[in-house]
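Engineer: Next comes upload-v4.cif, mmCIF, C-alpha atoms:
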```cif
data_input
#
loop_
_atom_site.label_atom_id
_atom_site.label_comp_id
_atom_site.auth_asym_id
_atom_site.auth_seq_id
_atom_site.Cartn_x
_atom_site.Cartn_y
_atom_site.Cartn_z
CA MET A 1 37.39 110.22 9.69
CA ALA A 2 38.13 107.10 7.67
CA LEU A 3 39.97 104.33 9.47
CA ASP A 4 43.33 103.24 8.07
CA ARG A 5 44.17 99.66 7.12
CA GLU A 6 45.77 98.85 10.47
CA GLU A 7 42.79 100.13 12.45
CA ILE A 8 40.36 98.18 10.29
CA GLY A 9 42.52 95.07 10.69
CA GLU A 10 42.46 95.44 14.46
CA ARG A 11 38.69 95.82 14.40
CA VAL A 12 38.33 92.69 12.26
CA LEU A 13 40.52 90.66 14.61
CA ALA A 14 38.69 91.86 17.70
CA ILE A 15 35.36 90.84 16.17
CA ALA A 16 36.76 87.53 14.95
CA GLU A 17 38.09 86.69 18.40
CA VAL A 18 34.69 87.33 19.98
CA LEU A 19 33.01 85.15 17.35
CA LEU A 20 35.49 82.33 17.93
CA ASN A 21 35.17 82.57 21.69
CA GLU A 22 31.36 82.50 21.49
CA GLY A 23 30.97 79.67 19.00
CA GLY A 24 34.28 78.20 17.86
CA MET A 25 35.45 77.81 14.28
CA ASP A 26 31.94 77.29 12.90
CA ASN A 27 31.01 80.76 14.15
CA LEU A 28 33.72 82.51 12.14
CA LYS A 29 32.00 83.93 9.04
CA ALA A 30 33.36 86.62 6.72
CA ARG A 31 29.92 88.15 6.26
CA THR A 32 29.34 88.42 10.01
CA ILE A 33 32.75 90.03 10.49
CA ALA A 34 32.10 92.47 7.66
CA GLU A 35 28.68 93.47 8.97
CA GLN A 36 29.94 94.07 12.50
CA ALA A 37 33.04 95.92 11.29
CA GLY A 38 31.04 98.10 8.89
CA ILE A 39 33.07 97.02 5.85
CA SER A 40 32.51 94.84 2.81
CA VAL A 41 33.28 91.11 2.69
CA GLY A 42 35.85 91.92 0.02
CA SER A 43 37.65 94.22 2.45
CA VAL A 44 37.99 91.36 4.92
CA TYR A 45 39.66 89.24 2.26
CA ASN A 46 41.84 92.12 1.10
CA LEU A 47 43.21 92.34 4.62
CA PHE A 48 43.70 88.63 5.38
CA SER A 49 43.37 86.73 2.07
CA ASP A 50 40.91 84.20 3.55
CA LEU A 51 39.26 83.14 6.80
CA ASP A 52 42.24 80.98 7.70
CA GLY A 53 44.33 84.14 7.57
CA VAL A 54 41.94 85.82 10.00
CA HIS A 55 41.94 82.81 12.29
CA ARG A 56 45.72 82.52 12.20
CA ALA A 57 46.09 86.20 13.15
CA VAL A 58 43.70 85.74 16.08
CA ASN A 59 45.66 82.68 17.16
CA MET A 60 48.91 84.64 17.13
CA ARG A 61 47.32 87.16 19.49
CA LEU A 62 46.10 84.38 21.77
CA LEU A 63 49.54 82.75 21.90
CA GLU A 64 51.13 86.10 22.66
CA ARG A 65 48.60 86.65 25.45
CA LEU A 66 49.25 83.18 26.91
CA GLY A 67 52.99 83.77 26.80
CA ALA A 68 52.53 87.09 28.58
CA ALA A 69 50.45 85.36 31.27
CA GLY A 70 53.19 82.80 31.84
CA ALA A 71 55.91 85.45 31.91
CA ALA A 72 53.86 87.51 34.38
CA ALA A 73 53.45 84.48 36.66
CA MET A 74 57.21 83.93 36.64
CA ALA A 75 57.92 87.61 37.27
CA ASP A 76 55.58 87.59 40.25
CA LEU A 77 57.37 84.61 41.81
CA SER A 78 60.76 86.16 41.13
CA GLN A 79 59.73 89.37 42.87
CA ARG A 80 58.77 87.30 45.89
CA GLY A 81 62.06 85.41 45.80
CA ILE A 82 60.45 82.07 44.92
CA THR A 83 62.81 79.91 42.86
CA ASP A 84 61.46 76.45 43.72
CA VAL A 85 60.92 74.55 40.47
CA ARG A 86 57.76 72.84 41.66
CA GLN A 87 56.09 76.10 42.67
CA ARG A 88 57.10 77.76 39.43
CA LEU A 89 55.75 74.91 37.29
CA LEU A 90 52.50 74.91 39.23
CA ALA A 91 52.22 78.67 38.72
CA LEU A 92 52.62 78.20 34.98
CA ALA A 93 50.01 75.45 34.98
CA SER A 94 47.64 77.67 36.96
CA ALA A 95 48.14 80.49 34.45
CA TYR A 96 47.29 78.07 31.65
CA VAL A 97 44.13 76.83 33.40
CA ARG A 98 42.94 80.41 33.93
CA PHE A 99 43.67 81.21 30.29
CA VAL A 100 41.64 78.24 29.05
CA GLU A 101 38.76 79.22 31.33
CA ALA A 102 38.84 82.76 29.94
CA HIS A 103 38.83 81.55 26.31
CA PRO A 104 36.27 78.70 26.22
CA GLY A 105 35.69 78.94 22.48
CA SER A 106 38.73 80.61 20.93
CA TRP A 107 41.32 78.33 22.58
CA PRO A 108 39.69 75.05 21.41
CA ALA A 109 39.34 76.68 17.99
CA LEU A 110 43.08 77.41 18.00
CA LEU A 111 43.81 73.76 18.80
CA ALA A 112 41.48 72.61 16.03
CA PHE A 113 43.18 75.02 13.63
CA ASN A 114 46.57 73.57 14.56
CA ARG A 115 45.42 70.02 13.84
CA ARG A 116 44.48 70.85 10.27
CA ARG A 117 47.49 73.02 9.47
CA PRO A 118 49.70 71.62 6.69
CA THR A 119 53.09 70.23 7.69
CA LEU A 120 55.82 72.76 7.00
CA THR A 121 59.39 71.97 6.01
CA GLU A 122 60.70 74.96 7.98
CA PRO A 123 59.43 76.65 11.17
CA ASP A 124 57.40 79.80 10.57
CA ALA A 125 56.37 82.70 12.81
CA TYR A 126 53.46 80.67 14.15
CA GLU A 127 55.74 77.81 15.20
CA ALA A 128 58.17 80.31 16.69
CA ARG A 129 55.41 81.72 18.90
CA LEU A 130 54.57 78.21 20.10
CA ASP A 131 58.23 77.54 20.80
CA GLN A 132 58.38 80.65 22.99
CA LEU A 133 55.80 79.07 25.27
CA PHE A 134 57.84 75.90 25.61
CA GLU A 135 60.95 77.95 26.31
CA ILE A 136 59.30 79.42 29.41
CA ILE A 137 58.86 75.90 30.80
CA ALA A 138 62.35 74.88 29.72
CA GLY A 139 63.73 77.94 31.51
CA VAL A 140 62.08 76.80 34.74
CA LEU A 141 63.50 73.29 34.33
CA ALA A 142 66.94 74.79 33.76
CA GLY A 143 66.75 76.14 37.31
CA GLY A 144 66.42 72.64 38.77
CA ASP A 145 69.11 70.18 39.73
CA PHE A 146 68.42 67.88 36.79
CA ASP A 147 70.93 66.17 34.53
CA LEU A 148 69.38 67.35 31.26
CA ASP A 149 71.05 68.65 28.14
CA ASP A 150 69.36 71.44 26.17
CA HIS A 151 67.63 69.09 23.74
CA THR A 152 66.22 66.82 26.42
CA ARG A 153 65.13 69.83 28.46
CA ARG A 154 63.12 71.08 25.50
CA ILE A 155 61.56 67.65 25.10
CA ALA A 156 60.76 67.64 28.81
CA ALA A 157 59.07 71.03 28.49
CA ARG A 158 56.91 69.83 25.61
CA THR A 159 56.08 66.62 27.48
CA LEU A 160 54.96 68.51 30.58
CA TRP A 161 52.97 71.02 28.51
CA SER A 162 51.18 68.21 26.66
CA SER A 163 50.41 66.40 29.91
CA VAL A 164 48.95 69.48 31.60
CA HIS A 165 46.98 70.28 28.46
CA GLY A 166 45.56 66.74 28.45
CA ILE A 167 44.47 67.04 32.07
CA VAL A 168 42.79 70.39 31.44
CA THR A 169 41.06 69.23 28.26
CA SER A 170 39.73 65.99 29.71
CA GLY A 171 38.84 67.66 33.01
CA TYR A 172 36.33 69.98 31.43
CA ALA A 173 34.40 67.02 30.05
CA GLY A 174 32.97 66.45 33.55
CA ARG A 175 29.52 67.62 34.61
CA SER A 176 30.31 69.49 37.82
CA VAL A 177 32.24 72.75 37.44
CA ARG A 178 33.46 72.61 41.04
CA ARG A 179 34.53 69.01 40.65
CA GLN A 180 36.31 69.90 37.42
CA ALA A 181 38.36 72.61 39.10
CA ASP A 182 39.22 70.49 42.14
CA GLU A 183 40.26 67.44 40.14
CA ILE A 184 42.22 69.44 37.59
CA ASP A 185 44.25 71.09 40.36
CA GLN A 186 44.87 67.77 42.12
CA GLN A 187 45.89 65.99 38.94
CA ILE A 188 48.27 68.77 37.93
CA GLU A 189 49.87 68.82 41.39
CA LEU A 190 50.37 65.05 41.23
CA LEU A 191 51.74 65.23 37.70
CA VAL A 192 54.27 67.95 38.54
CA ALA A 193 55.38 66.18 41.74
CA VAL A 194 55.93 62.85 39.94
CA PHE A 195 57.58 64.55 36.96
CA ILE A 196 60.09 66.38 39.16
CA ARG A 197 60.75 63.31 41.28
CA GLY A 198 61.55 61.32 38.16
CA LEU A 199 64.01 63.93 36.91
CA GLU A 200 65.66 64.24 40.32
CA HIS A 201 66.23 60.50 40.50
CA GLY A 202 67.52 60.18 36.95
CA GLY A 203 64.46 58.26 35.80
CA ALA A 204 63.93 56.87 32.34
CA PHE A 205 62.95 60.26 30.90
CA ALA A 206 66.27 61.80 31.92
CA HIS A 207 67.92 59.41 29.47
CA ALA A 208 65.27 59.61 26.76
CA GLY A 209 67.54 61.60 24.49
CA THR A 210 70.15 58.85 24.50
CA THR A 211 67.89 55.90 23.72
CA ALA A 212 67.65 54.53 20.23
#
```
Before we go any further, please render this structure as structure tokens.
Structural biologist:
Amino acid sequence: MALDREEIGERVLAIAEVLLNEGGMDNLKARTIAEQAGISVGSVYNLFSDLDGVHRAVNMRLLERLGAAGAAAMADLSQRGITDVRQRLLALASAYVRFVEAHPGSWPALLAFNRRRPTLTEPDAYEARLDQLFEIIAGVLAGGDFDLDDHTRRIAARTLWSSVHGIVTSGYAGRSVRRQADEIDQQIELLVAVFIRGLEHGGAFAHAGTTA
């Protein structure tokens, strides 16, 4: 039985994700995808226009998966009656670390893809998916006793995300896997503790939205 367009598209994306995870952006080749999917190179382009279209579609799936991991971590804490902001932020950070570990090639490829994306005048579906991730963090911050308006809370969420991402990215440049994991956890715990303490005491960041 011939596969329909949707089934072929899913097969292409599954293959593309494996290629990206195994070798990054340089490993994503239309001919390789076509050969493994049992279709022509032209069929790949008929489905996704170009390789950027394939990569973008894989990235959307990765972002959806990361969002689901964060939501699952929050649901687990809620079921256990844990509302402490620090614990919830650490749980989100832990979910992110595990996600990065599970996607050693495809996640860096997503980040590289983002850096070379053209600047858009209006948010698109891709940006909306990214914003959903930040909203999870902002939702946790909303549960704290912080004097933050909605705009500053969103900025705080992006700031914390970027800081955790920086720790994770630089941490995996080390030589010892065990040392990487230990130091990443310690740095994230320190970051979250200091970040929360600053917000609780009305530090400079709490007033960032009002400075010129």
Engineer: Which one is closest to A:Arg197: A:Gln36, A:Ala138, A:Phe146, A:Ala156? Count only C-alpha atoms.
Structural biologist: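 Once distances to A:Arg197 are computed over only C-alpha atoms, the minimum belongs to A:Phe146.
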Engineer: Applying 10 Å and all atoms listed in the file, which residues near stretch 185-190 of chain A remain after dropping the ones on its own chain fewer than 3 positions away? List them as a PyMOL selection string.
Structural biologist: chain A and resi 86-87+89-90+93-94+97+160+163-165+167-168+171+179-182+193-195
Engineer: Convert the current residue selection to file output with C-alpha atoms, as a PDB file, in the coordinates of the input.
Structural biologist:
```pdb
ATOM      1  CA  ARG A  86      57.760  72.840  41.660  1.00  0.00           C
ATOM      2  CA  GLN A  87      56.090  76.100  42.670  1.00  0.00           C
ATOM      3  CA  LEU A  89      55.750  74.910  37.290  1.00  0.00           C
ATOM      4  CA  LEU A  90      52.500  74.910  39.230  1.00  0.00           C
ATOM      5  CA  ALA A  93      50.010  75.450  34.980  1.00  0.00           C
ATOM      6  CA  SER A  94      47.640  77.670  36.960  1.00  0.00           C
ATOM      7  CA  VAL A  97      44.130  76.830  33.400  1.00  0.00           C
ATOM      8  CA  LEU A 160      54.960  68.510  30.580  1.00  0.00           C
ATOM      9  CA  SER A 163      50.410  66.400  29.910  1.00  0.00           C
ATOM     10  CA  VAL A 164      48.950  69.480  31.600  1.00  0.00           C
ATOM     11  CA  HIS A 165      46.980  70.280  28.460  1.00  0.00           C
ATOM     12  CA  ILE A 167      44.470  67.040  32.070  1.00  0.00           C
ATOM     13  CA  VAL A 168      42.790  70.390  31.440  1.00  0.00           C
ATOM     14  CA  GLY A 171      38.840  67.660  33.010  1.00  0.00           C
ATOM     15  CA  ARG A 179      34.530  69.010  40.650  1.00  0.00           C
ATOM     16  CA  GLN A 180      36.310  69.900  37.420  1.00  0.00           C
ATOM     17  CA  ALA A 181      38.360  72.610  39.100  1.00  0.00           C
ATOM     18  CA  ASP A 182      39.220  70.490  42.140  1.00  0.00           C
ATOM     19  CA  ALA A 193      55.380  66.180  41.740  1.00  0.00           C
ATOM     20  CA  VAL A 194      55.930  62.850  39.940  1.00  0.00           C
ATOM     21  CA  PHE A 195      57.580  64.550  36.960  1.00  0.00           C
TER      22      PHE A 195
END
```
Engineer: Hey, what's within 8 Å of A:Ser106 if we count all atoms listed in the file and toss same-chain stuff fewer than 5 positions away? As a PyMOL selection string, please?
Structural biologist: chain A and resi 17-18+20-22+24-25
Engineer: Please list as a ChimeraX atom specification every residue within 12 Å of A:Val44, counting all atoms listed in the file and excluding residues in the same chain fewer than 6 positions away.
Structural biologist: /A:5,8-13,15-16,29-38,50-55
Engineer: Restricted to C-alpha atoms, what would the selected residues look like written as an mmCIF file, in the coordinates of the input?
Structural biologist:
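That gives us selection.cif:
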```cif
data_model
loop_
_atom_site.group_PDB
_atom_site.id
_atom_site.type_symbol
_atom_site.label_atom_id
_atom_site.label_comp_id
_atom_site.auth_asym_id
_atom_site.auth_seq_id
_atom_site.Cartn_x
_atom_site.Cartn_y
_atom_site.Cartn_z
ATOM 1 C CA ARG A 5 44.170 99.660 7.120
ATOM 2 C CA ILE A 8 40.360 98.180 10.290
ATOM 3 C CA GLY A 9 42.520 95.070 10.690
ATOM 4 C CA GLU A 10 42.460 95.440 14.460
ATOM 5 C CA ARG A 11 38.690 95.820 14.400
ATOM 6 C CA VAL A 12 38.330 92.690 12.260
ATOM 7 C CA LEU A 13 40.520 90.660 14.610
ATOM 8 C CA ILE A 15 35.360 90.840 16.170
ATOM 9 C CA ALA A 16 36.760 87.530 14.950
ATOM 10 C CA LYS A 29 32.000 83.930 9.040
ATOM 11 C CA ALA A 30 33.360 86.620 6.720
ATOM 12 C CA ARG A 31 29.920 88.150 6.260
ATOM 13 C CA THR A 32 29.340 88.420 10.010
ATOM 14 C CA ILE A 33 32.750 90.030 10.490
ATOM 15 C CA ALA A 34 32.100 92.470 7.660
ATOM 16 C CA GLU A 35 28.680 93.470 8.970
ATOM 17 C CA GLN A 36 29.940 94.070 12.500
ATOM 18 C CA ALA A 37 33.040 95.920 11.290
ATOM 19 C CA GLY A 38 31.040 98.100 8.890
ATOM 20 C CA ASP A 50 40.910 84.200 3.550
ATOM 21 C CA LEU A 51 39.260 83.140 6.800
ATOM 22 C CA ASP A 52 42.240 80.980 7.700
ATOM 23 C CA GLY A 53 44.330 84.140 7.570
ATOM 24 C CA VAL A 54 41.940 85.820 10.000
ATOM 25 C CA HIS A 55 41.940 82.810 12.290
#
```
Engineer: What would the selection look like, as a ChimeraX atom specification, if the PyMOL selection byres ((chain A and resi 158) around 12) were run on the coordinates I just shared?
Structural biologist: /A:130-138,141,151-157,159-165
Engineer: Can you work out which one of A:Val140, A:Ser43, A:Leu28, A:Pro108 has the shortest atom-to-atom distance to A:Ile82, counting only C-alpha atoms?
Structural biologist: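 The closest residue to A:Ile82 is A:Val140.
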Engineer: Find the distance between atom CA of A:Leu62 and atom CA of A:Trp107 and write it in Å to one decimal.
Structural biologist: 7.8 Å
Engineer: Interatomic distance between atom CA of A:Ala72 and atom CA of A:Gly143?
Structural biologist: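 Here the two named atoms are 17.4 Å from each other.
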Engineer: Residues within 7 Å of A:Gly70, please, as a list in words. Count all atoms listed in the file; anything in the same chain fewer than 4 positions from it doesn't count.
Structural biologist: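 Neighbouring residues, sequence-local ones excluded: Leu66, Met74, Leu92 and Ala95 of chain A.
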Engineer: So how many Å separate atom CA of A:Asp149 and atom CA of A:Glu200, to one decimal?
Structural biologist: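 Separation of atom CA of A:Asp149 and atom CA of A:Glu200: 14.0 Å.
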Engineer: From the options A:Leu63, A:Ala71, A:Ala102, A:Val58, which residue's atoms come nearest to A:Leu19, counting only C-alpha atoms?
Structural biologist: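 Of all the options, A:Val58 lies closest to A:Leu19.
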Engineer: Nearest residue to A:Asp145 out of A:Asn59, A:Asn114, A:Ile196, A:Gly105, using only C-alpha atoms?
Structural biologist: A:Ile196
Engineer: Give the answer as one residue: which of A:Glu64, A:Asp147, A:Asp26, A:Glu7 has the shortest atom-to-atom distance to A:Gly202, using only C-alpha atoms?
Structural biologist: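 Of the candidates, the smallest distance to A:Gly202 is held by A:Asp147.
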Engineer: Give the answer as one residue: which of A:Ala112, A:Val85, A:Arg129, A:Glu183 has the shortest atom-to-atom distance to A:Arg61, using all atoms listed in the file?
Structural biologist: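 Smallest distance to A:Arg61 is found for A:Arg129.
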Engineer: Can you complete the atoms of stretch 144-155 of chain A to all heavy atoms and list them as a PDB file, in the coordinates of the input?
Structural biologist:
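Saved result, rebuild-v7.pdb, follows:
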```
ATOM      1  N   GLY A 144      66.427  73.790  37.869  1.00  0.00           N
ATOM      2  CA  GLY A 144      66.420  72.640  38.770  1.00  0.00           C
ATOM      3  C   GLY A 144      67.714  71.863  38.708  1.00  0.00           C
ATOM      4  O   GLY A 144      68.528  72.042  37.790  1.00  0.00           O
ATOM      5  N   ASP A 145      67.903  70.997  39.664  1.00  0.00           N
ATOM      6  CA  ASP A 145      69.110  70.180  39.730  1.00  0.00           C
ATOM      7  C   ASP A 145      68.878  68.882  38.962  1.00  0.00           C
ATOM      8  O   ASP A 145      68.848  67.787  39.532  1.00  0.00           O
ATOM      9  CB  ASP A 145      69.472  69.903  41.197  1.00  0.00           C
ATOM     10  CG  ASP A 145      70.831  69.220  41.332  1.00  0.00           C
ATOM     11  OD1 ASP A 145      71.627  69.310  40.376  1.00  0.00           O
ATOM     12  OD2 ASP A 145      71.077  68.595  42.388  1.00  0.00           O
ATOM     13  N   PHE A 146      68.706  69.033  37.646  1.00  0.00           N
ATOM     14  CA  PHE A 146      68.420  67.880  36.790  1.00  0.00           C
ATOM     15  C   PHE A 146      69.565  67.709  35.793  1.00  0.00           C
ATOM     16  O   PHE A 146      70.122  68.687  35.287  1.00  0.00           O
ATOM     17  CB  PHE A 146      67.118  68.089  36.010  1.00  0.00           C
ATOM     18  CG  PHE A 146      65.955  68.521  36.858  1.00  0.00           C
ATOM     19  CD1 PHE A 146      65.166  69.606  36.472  1.00  0.00           C
ATOM     20  CD2 PHE A 146      65.646  67.859  38.035  1.00  0.00           C
ATOM     21  CE1 PHE A 146      64.088  70.004  37.235  1.00  0.00           C
ATOM     22  CE2 PHE A 146      64.575  68.255  38.821  1.00  0.00           C
ATOM     23  CZ  PHE A 146      63.797  69.338  38.418  1.00  0.00           C
ATOM     24  N   ASP A 147      69.868  66.467  35.483  1.00  0.00           N
ATOM     25  CA  ASP A 147      70.930  66.170  34.530  1.00  0.00           C
ATOM     26  C   ASP A 147      70.336  66.096  33.126  1.00  0.00           C
ATOM     27  O   ASP A 147      70.145  65.025  32.564  1.00  0.00           O
ATOM     28  CB  ASP A 147      71.605  64.848  34.904  1.00  0.00           C
ATOM     29  CG  ASP A 147      72.801  64.546  34.003  1.00  0.00           C
ATOM     30  OD1 ASP A 147      73.311  65.494  33.366  1.00  0.00           O
ATOM     31  OD2 ASP A 147      73.206  63.365  33.938  1.00  0.00           O
ATOM     32  N   LEU A 148      70.021  67.279  32.573  1.00  0.00           N
ATOM     33  CA  LEU A 148      69.380  67.350  31.260  1.00  0.00           C
ATOM     34  C   LEU A 148      70.188  68.248  30.338  1.00  0.00           C
ATOM     35  O   LEU A 148      70.550  69.361  30.713  1.00  0.00           O
ATOM     36  CB  LEU A 148      67.961  67.917  31.381  1.00  0.00           C
ATOM     37  CG  LEU A 148      66.945  67.175  32.248  1.00  0.00           C
ATOM     38  CD1 LEU A 148      65.659  67.985  32.337  1.00  0.00           C
ATOM     39  CD2 LEU A 148      66.664  65.792  31.695  1.00  0.00           C
ATOM     40  N   ASP A 149      70.444  67.759  29.118  1.00  0.00           N
ATOM     41  CA  ASP A 149      71.050  68.650  28.140  1.00  0.00           C
ATOM     42  C   ASP A 149      69.951  69.524  27.538  1.00  0.00           C
ATOM     43  O   ASP A 149      68.769  69.347  27.822  1.00  0.00           O
ATOM     44  CB  ASP A 149      71.810  67.859  27.060  1.00  0.00           C
ATOM     45  CG  ASP A 149      70.925  66.867  26.316  1.00  0.00           C
ATOM     46  OD1 ASP A 149      69.713  67.143  26.144  1.00  0.00           O
ATOM     47  OD2 ASP A 149      71.427  65.808  25.908  1.00  0.00           O
ATOM     48  N   ASP A 150      70.334  70.481  26.699  1.00  0.00           N
ATOM     49  CA  ASP A 150      69.360  71.440  26.170  1.00  0.00           C
ATOM     50  C   ASP A 150      68.249  70.759  25.384  1.00  0.00           C
ATOM     51  O   ASP A 150      67.069  71.109  25.521  1.00  0.00           O
ATOM     52  CB  ASP A 150      70.060  72.472  25.287  1.00  0.00           C
ATOM     53  CG  ASP A 150      70.934  73.428  26.086  1.00  0.00           C
ATOM     54  OD1 ASP A 150      70.755  73.488  27.315  1.00  0.00           O
ATOM     55  OD2 ASP A 150      71.789  74.099  25.478  1.00  0.00           O
ATOM     56  N   HIS A 151      68.639  69.778  24.564  1.00  0.00           N
ATOM     57  CA  HIS A 151      67.630  69.090  23.740  1.00  0.00           C
ATOM     58  C   HIS A 151      66.629  68.352  24.612  1.00  0.00           C
ATOM     59  O   HIS A 151      65.406  68.473  24.415  1.00  0.00           O
ATOM     60  CB  HIS A 151      68.316  68.111  22.787  1.00  0.00           C
ATOM     61  CG  HIS A 151      67.359  67.227  22.044  1.00  0.00           C
ATOM     62  ND1 HIS A 151      66.570  67.693  21.015  1.00  0.00           N
ATOM     63  CD2 HIS A 151      67.039  65.899  22.207  1.00  0.00           C
ATOM     64  CE1 HIS A 151      65.813  66.708  20.560  1.00  0.00           C
ATOM     65  NE2 HIS A 151      66.077  65.620  21.268  1.00  0.00           N
ATOM     66  N   THR A 152      67.119  67.592  25.571  1.00  0.00           N
ATOM     67  CA  THR A 152      66.220  66.820  26.420  1.00  0.00           C
ATOM     68  C   THR A 152      65.368  67.732  27.288  1.00  0.00           C
ATOM     69  O   THR A 152      64.198  67.432  27.574  1.00  0.00           O
ATOM     70  CB  THR A 152      67.026  65.854  27.310  1.00  0.00           C
ATOM     71  OG1 THR A 152      67.902  65.069  26.483  1.00  0.00           O
ATOM     72  CG2 THR A 152      66.106  64.921  28.075  1.00  0.00           C
ATOM     73  N   ARG A 153      65.917  68.874  27.679  1.00  0.00           N
ATOM     74  CA  ARG A 153      65.130  69.830  28.460  1.00  0.00           C
ATOM     75  C   ARG A 153      63.965  70.369  27.642  1.00  0.00           C
ATOM     76  O   ARG A 153      62.852  70.530  28.155  1.00  0.00           O
ATOM     77  CB  ARG A 153      66.016  70.978  28.945  1.00  0.00           C
ATOM     78  CG  ARG A 153      65.314  71.902  29.957  1.00  0.00           C
ATOM     79  CD  ARG A 153      66.236  73.019  30.406  1.00  0.00           C
ATOM     80  NE  ARG A 153      67.431  72.501  31.048  1.00  0.00           N
ATOM     81  CZ  ARG A 153      68.664  72.613  30.556  1.00  0.00           C
ATOM     82  NH1 ARG A 153      68.859  73.253  29.409  1.00  0.00           N
ATOM     83  NH2 ARG A 153      69.683  72.115  31.196  1.00  0.00           N
ATOM     84  N   ARG A 154      64.209  70.617  26.360  1.00  0.00           N
ATOM     85  CA  ARG A 154      63.120  71.080  25.500  1.00  0.00           C
ATOM     86  C   ARG A 154      62.062  70.001  25.332  1.00  0.00           C
ATOM     87  O   ARG A 154      60.857  70.291  25.318  1.00  0.00           O
ATOM     88  CB  ARG A 154      63.672  71.518  24.135  1.00  0.00           C
ATOM     89  CG  ARG A 154      64.441  72.840  24.168  1.00  0.00           C
ATOM     90  CD  ARG A 154      64.677  73.361  22.765  1.00  0.00           C
ATOM     91  NE  ARG A 154      65.580  72.498  22.020  1.00  0.00           N
ATOM     92  CZ  ARG A 154      66.906  72.646  22.000  1.00  0.00           C
ATOM     93  NH1 ARG A 154      67.468  73.625  22.708  1.00  0.00           N
ATOM     94  NH2 ARG A 154      67.658  71.842  21.293  1.00  0.00           N
ATOM     95  N   ILE A 155      62.506  68.753  25.198  1.00  0.00           N
ATOM     96  CA  ILE A 155      61.560  67.650  25.100  1.00  0.00           C
ATOM     97  C   ILE A 155      60.760  67.524  26.392  1.00  0.00           C
ATOM     98  O   ILE A 155      59.541  67.297  26.384  1.00  0.00           O
ATOM     99  CB  ILE A 155      62.292  66.323  24.800  1.00  0.00           C
ATOM    100  CG1 ILE A 155      62.980  66.384  23.433  1.00  0.00           C
ATOM    101  CG2 ILE A 155      61.311  65.142  24.858  1.00  0.00           C
ATOM    102  CD1 ILE A 155      62.038  66.571  22.269  1.00  0.00           C
TER     103      ILE A 155
END
```
